[in-house]
Structure formats: structure tokens, C-alpha cells
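Note: the block below is data-v7.txt and it holds compact mmCIF, C-alpha atoms.
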```txt
# COMPACT_ATOMS: atom_id res chain seq x y z
CA MET A 1 -75.63 -122.89 -108.30
CA LEU A 2 -71.90 -123.30 -108.06
CA ASN A 3 -71.31 -124.70 -111.53
CA GLU A 4 -73.02 -121.97 -113.53
CA THR A 5 -70.91 -119.72 -115.71
CA THR A 6 -71.22 -116.10 -114.57
CA VAL A 7 -70.08 -113.44 -117.02
CA THR A 8 -69.72 -109.68 -117.13
CA VAL A 9 -70.24 -108.24 -120.61
CA GLN A 10 -69.75 -104.64 -121.66
CA GLY A 11 -71.43 -103.63 -124.89
CA TRP A 12 -74.17 -101.75 -126.72
CA ILE A 13 -77.89 -102.49 -126.97
CA GLY A 14 -78.49 -103.51 -130.57
CA GLY A 15 -82.26 -103.07 -130.84
CA PRO A 16 -85.41 -102.32 -128.90
CA VAL A 17 -85.93 -103.74 -125.42
CA SER A 18 -89.04 -105.93 -125.42
CA LEU A 19 -91.10 -106.65 -122.32
CA ARG A 20 -93.33 -109.74 -122.18
CA ARG A 21 -94.84 -111.98 -119.54
CA ALA A 22 -93.73 -115.56 -118.91
CA GLY A 23 -96.44 -116.94 -116.66
CA ASN A 24 -96.89 -114.29 -113.98
CA ALA A 25 -93.37 -112.87 -114.30
CA PRO A 26 -92.37 -109.97 -116.53
CA VAL A 27 -89.24 -110.56 -118.60
CA ALA A 28 -87.36 -108.02 -120.70
CA SER A 29 -85.16 -109.14 -123.58
CA PHE A 30 -82.65 -107.29 -125.71
CA ARG A 31 -79.72 -107.98 -127.99
CA LEU A 32 -76.28 -106.95 -126.75
CA ALA A 33 -73.35 -106.37 -129.11
CA ALA A 34 -69.88 -106.69 -127.60
CA THR A 35 -66.91 -105.88 -129.82
CA PRO A 36 -63.55 -106.72 -128.22
CA ARG A 37 -60.77 -104.25 -128.97
CA ARG A 38 -57.15 -105.32 -129.18
CA TYR A 39 -54.09 -103.14 -128.68
CA HIS A 40 -51.05 -103.94 -130.82
CA PRO A 41 -47.96 -102.66 -129.00
CA ALA A 42 -45.72 -103.07 -132.05
CA THR A 43 -47.78 -100.60 -134.10
CA GLY A 44 -49.37 -98.62 -131.25
CA GLU A 45 -52.80 -99.14 -132.86
CA TRP A 46 -56.12 -100.57 -131.76
CA SER A 47 -58.26 -102.90 -133.85
CA ASP A 48 -61.78 -104.26 -133.47
CA ASP A 49 -62.29 -108.00 -133.24
CA THR A 50 -65.44 -109.81 -134.37
CA THR A 51 -68.62 -108.52 -132.73
CA GLN A 52 -70.21 -111.05 -130.40
CA TRP A 53 -74.01 -110.98 -130.01
CA PHE A 54 -75.90 -112.08 -126.91
CA THR A 55 -79.58 -112.18 -126.04
CA VAL A 56 -80.07 -110.80 -122.54
CA ASN A 57 -83.12 -111.81 -120.49
CA ALA A 58 -83.93 -109.85 -117.33
CA TRP A 59 -86.70 -111.17 -115.09
CA ARG A 60 -89.22 -109.58 -112.72
CA ALA A 61 -88.36 -106.12 -111.32
CA LEU A 62 -85.01 -106.05 -113.17
CA GLY A 63 -86.86 -106.72 -116.43
CA GLU A 64 -89.36 -103.93 -115.81
CA HIS A 65 -86.55 -101.52 -114.92
CA CYS A 66 -84.62 -102.48 -118.08
CA ALA A 67 -87.71 -101.90 -120.24
CA HIS A 68 -88.22 -98.44 -118.74
CA SER A 69 -84.55 -97.38 -118.64
CA LEU A 70 -82.73 -98.82 -121.66
CA ARG A 71 -82.88 -97.84 -125.31
CA ARG A 72 -81.24 -98.97 -128.55
CA SER A 73 -77.53 -97.99 -128.72
CA ASP A 74 -77.21 -97.46 -124.94
CA PRO A 75 -73.85 -98.61 -123.58
CA VAL A 76 -74.42 -101.15 -120.79
CA VAL A 77 -72.68 -103.56 -118.46
CA VAL A 78 -74.49 -106.86 -117.84
CA VAL A 79 -73.67 -109.43 -115.17
CA GLY A 80 -75.44 -112.78 -115.38
CA ARG A 81 -75.46 -116.48 -116.08
CA LEU A 82 -74.31 -117.54 -119.56
CA ARG A 83 -76.29 -120.24 -121.37
CA ALA A 84 -75.55 -121.76 -124.77
CA SER A 85 -78.44 -123.12 -126.85
CA THR A 86 -78.02 -125.22 -129.97
CA TRP A 87 -80.94 -125.50 -132.40
CA VAL A 88 -81.70 -126.03 -136.08
CA ASN A 89 -82.91 -122.95 -137.97
CA ALA A 90 -85.46 -122.79 -140.80
CA ALA A 91 -82.72 -123.46 -143.38
CA GLY A 92 -81.78 -126.70 -141.62
CA VAL A 93 -78.50 -125.31 -140.27
CA GLU A 94 -77.46 -126.06 -136.70
CA VAL A 95 -76.93 -122.79 -134.84
CA THR A 96 -75.53 -122.06 -131.39
CA SER A 97 -76.71 -118.92 -129.64
CA PHE A 98 -75.65 -117.45 -126.32
CA GLU A 99 -78.07 -116.00 -123.81
CA ILE A 100 -77.39 -114.21 -120.56
CA ASP A 101 -79.88 -114.45 -117.70
CA ALA A 102 -79.15 -111.06 -116.18
CA GLN A 103 -78.52 -110.59 -112.48
CA SER A 104 -77.51 -106.92 -112.83
CA VAL A 105 -77.72 -104.42 -115.69
CA GLY A 106 -76.53 -100.83 -115.73
CA HIS A 107 -75.46 -98.06 -118.03
CA ASP A 108 -71.72 -98.01 -118.76
CA LEU A 109 -70.67 -94.72 -117.19
CA ASN A 110 -67.36 -94.79 -119.08
CA ARG A 111 -69.47 -93.78 -122.09
CA GLY A 112 -71.72 -91.10 -120.60
CA THR A 113 -73.87 -90.10 -117.65
CA SER A 114 -77.09 -91.51 -116.29
CA LEU A 115 -79.78 -90.34 -113.89
CA PHE A 116 -80.86 -92.90 -111.30
CA THR A 117 -84.39 -92.93 -109.94
CA ARG A 118 -85.00 -95.20 -106.98
CA ALA A 119 -87.88 -97.64 -107.54
CA GLN A 120 -90.83 -97.21 -105.22
CA ARG A 121 -91.60 -100.25 -103.09
CA ALA A 122 -95.08 -101.57 -102.49
CA ALA A 123 -96.84 -100.14 -99.44
CA GLN A 124 -94.87 -101.01 -96.31
CA GLY A 125 -96.53 -101.85 -93.01
CA SER A 126 -93.79 -100.82 -90.58
CA GLU A 127 -92.06 -97.60 -89.65
CA THR A 128 -88.69 -99.36 -90.07
CA ALA A 129 -89.45 -100.21 -93.69
CA ARG A 130 -90.54 -96.60 -94.38
CA ALA A 131 -87.36 -95.27 -92.76
CA GLU A 132 -85.26 -97.62 -94.92
CA GLU A 133 -87.06 -96.44 -98.04
CA GLN A 134 -86.48 -92.78 -97.15
CA GLY A 135 -82.78 -93.25 -96.46
CA PRO A 136 -80.55 -91.36 -94.01
CA ALA A 137 -82.24 -88.77 -91.78
CA GLY A 138 -85.62 -89.63 -93.34
CA ALA A 139 -84.91 -87.57 -96.47
CA VAL A 140 -86.23 -89.11 -99.68
CA GLY A 141 -83.41 -89.27 -102.21
CA ALA A 142 -80.83 -88.10 -99.67
CA ASP A 143 -78.11 -89.81 -101.69
CA ALA A 144 -79.16 -88.09 -104.94
CA ALA A 145 -77.74 -84.88 -106.27
CA PRO A 146 -79.79 -81.76 -105.40
CA GLY A 147 -82.63 -81.14 -107.82
CA THR A 148 -82.65 -84.68 -109.24
CA GLY A 149 -85.22 -86.37 -107.00
CA ALA A 150 -88.81 -87.11 -107.82
CA ASP A 151 -89.85 -84.02 -105.84
CA SER A 152 -87.75 -81.71 -108.04
CA GLY A 153 -90.21 -81.69 -110.92
CA ASP A 154 -88.00 -84.01 -112.99
CA SER A 155 -90.36 -85.55 -115.55
CA ARG A 156 -88.08 -88.56 -116.04
CA ALA A 157 -88.90 -90.04 -112.62
CA ALA A 158 -90.41 -93.52 -113.01
```

Using the file provided, produce a representation of the structure as C-alpha cells.
Amino acid sequence: MLNETTVTVQGWIGGPVSLRRAGNAPVASFRLAATPRRYHPATGEWSDDTTQWFTVNAWRALGEHCAHSLRRSDPVVVVGRLRASTWVNAAGVEVTSFEIDAQSVGHDLNRGTSLFTRAQRAAQGSETARAEEQGPAGAVGADAAPGTGADSGDSRAA
């Protein structure tokens, strides 16, 4: 849709990532805390602004990958569609919350390192599909660093 608001948010996962099913589709949800920092040139100092909280929902394969890859306090970058919901809480107060329907989620590599494990596709029927899955020159994980592929004995492979 052309009129949807797409956002990119950098922040920290504020709690556990939950995985549930909505109909036949898996969906992962987590809270994301984003605290804007401001630089004050006059004083040469940085200050933290008010922390903004978002609920992030990741559907289908992205949701499963989030549930297996992300943990509380991980730094992440989320790209997705922003939705605002207004509702009345148990105390009778009208509340507005912001949710992001994630299109992409990844670790923020400004904050640390990450090990990527390529997801295995369902059984493919053609040689072309198998060649695509294996990558250049038919080598599985050819784009990975030596010793980091699933065949290296790395127990973190999904």
C-alpha cells in the first residue's frame, strides 16, 4: 500500500520474544525500546530523550526466525509498517499504543557481532533451486566465514 507509514527503528529488545499462532501463521511479538539521544553543541554533551516503546509483530518465517534468534536486551534494527491503536484500559483511561508490523529485523551491528545461519528451504524439486540454495560454485555457505557453516560443528546452527 502506498499510504502506509514505513519506519526504521533502532533500539533494544525489552523482554522475551513470544511466538504464537494466528490461524495457520506463526507470529512473534516483542517489545522494542528506542531512546533518542540528542547532542548539544553548546555544551558538547549528549542527553537521552524519553524512551519510546513499540510492540513489534513479525509474521510467518520472519516471526520464527525472530523467536529463534533474538533475546531480551539484544540491539536490533526493525523496518516495518507503523500502526497506532487507541483503546481504553482496565482503569478506564484511553491509551494509544504503537505497533510495528515488521518487514525486516536484524541485529544492530554497531553494538556487537552476530552469526548468520541461512534458513533451510523446504525440499526443492529442481536442480536450479538446489543450486540457488547452495550458492556460488555449489558450495553450501560459500558466503560465510570459514568454520562458521552448519558443517563446521557449530552447535548454534538452526

Of A:Thr5, A:Ser18, A:Ser114, A:Gln52, the one sitting nearest A:Ala67 when using all atoms listed in the file is A:Ser18

Quick one: everything within 8 Å of A:Gly14, counting all atoms listed in the file, minus sequence neighbours fewer than 4 positions away in the same chain. Send it as number ranges by chain. A: 30-33, 72-73

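When atom CA of A:Val76 is paired with atom CA of A:Thr50, their separation reads 18.4 Å.
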
Please measure the separation of atom CA of A:Gly92 and atom CA of A:Val17, giving the value in Å to one decimal.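 Between these atoms lies a distance of 28.4 Å.
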
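In this comparison, which uses all atoms listed in the file, the residue of A:Ala28, A:Ile100, A:Ala119, A:Ala91 approaching A:Leu70 most closely is A:Ala28.
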
For the atom pair atom CA of A:Thr55 and atom CA of A:Glu99, what is the interatomic distance in Å to one decimal place? 4.7 Å

Show me the residues around (-81.7, -121.8, -127.4) - criterion: an atom at most 8 Å away, only C-alpha atoms counted - as a ChimeraX atom specification. /A:84-87,96-99

Of the residues A:Ala61, A:Val77, A:Ala102, A:Ala42, which is the one nearest to A:Ile13, using all atoms listed in the file?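 With all atoms listed in the file as the atom set, the closest residue is A:Val77.
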
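With all atoms listed in the file as the atoms that count, the residue of A:Asp48, A:Gly112, A:Arg60, A:Arg37 with the shortest distance to A:Asp74 is A:Gly112.
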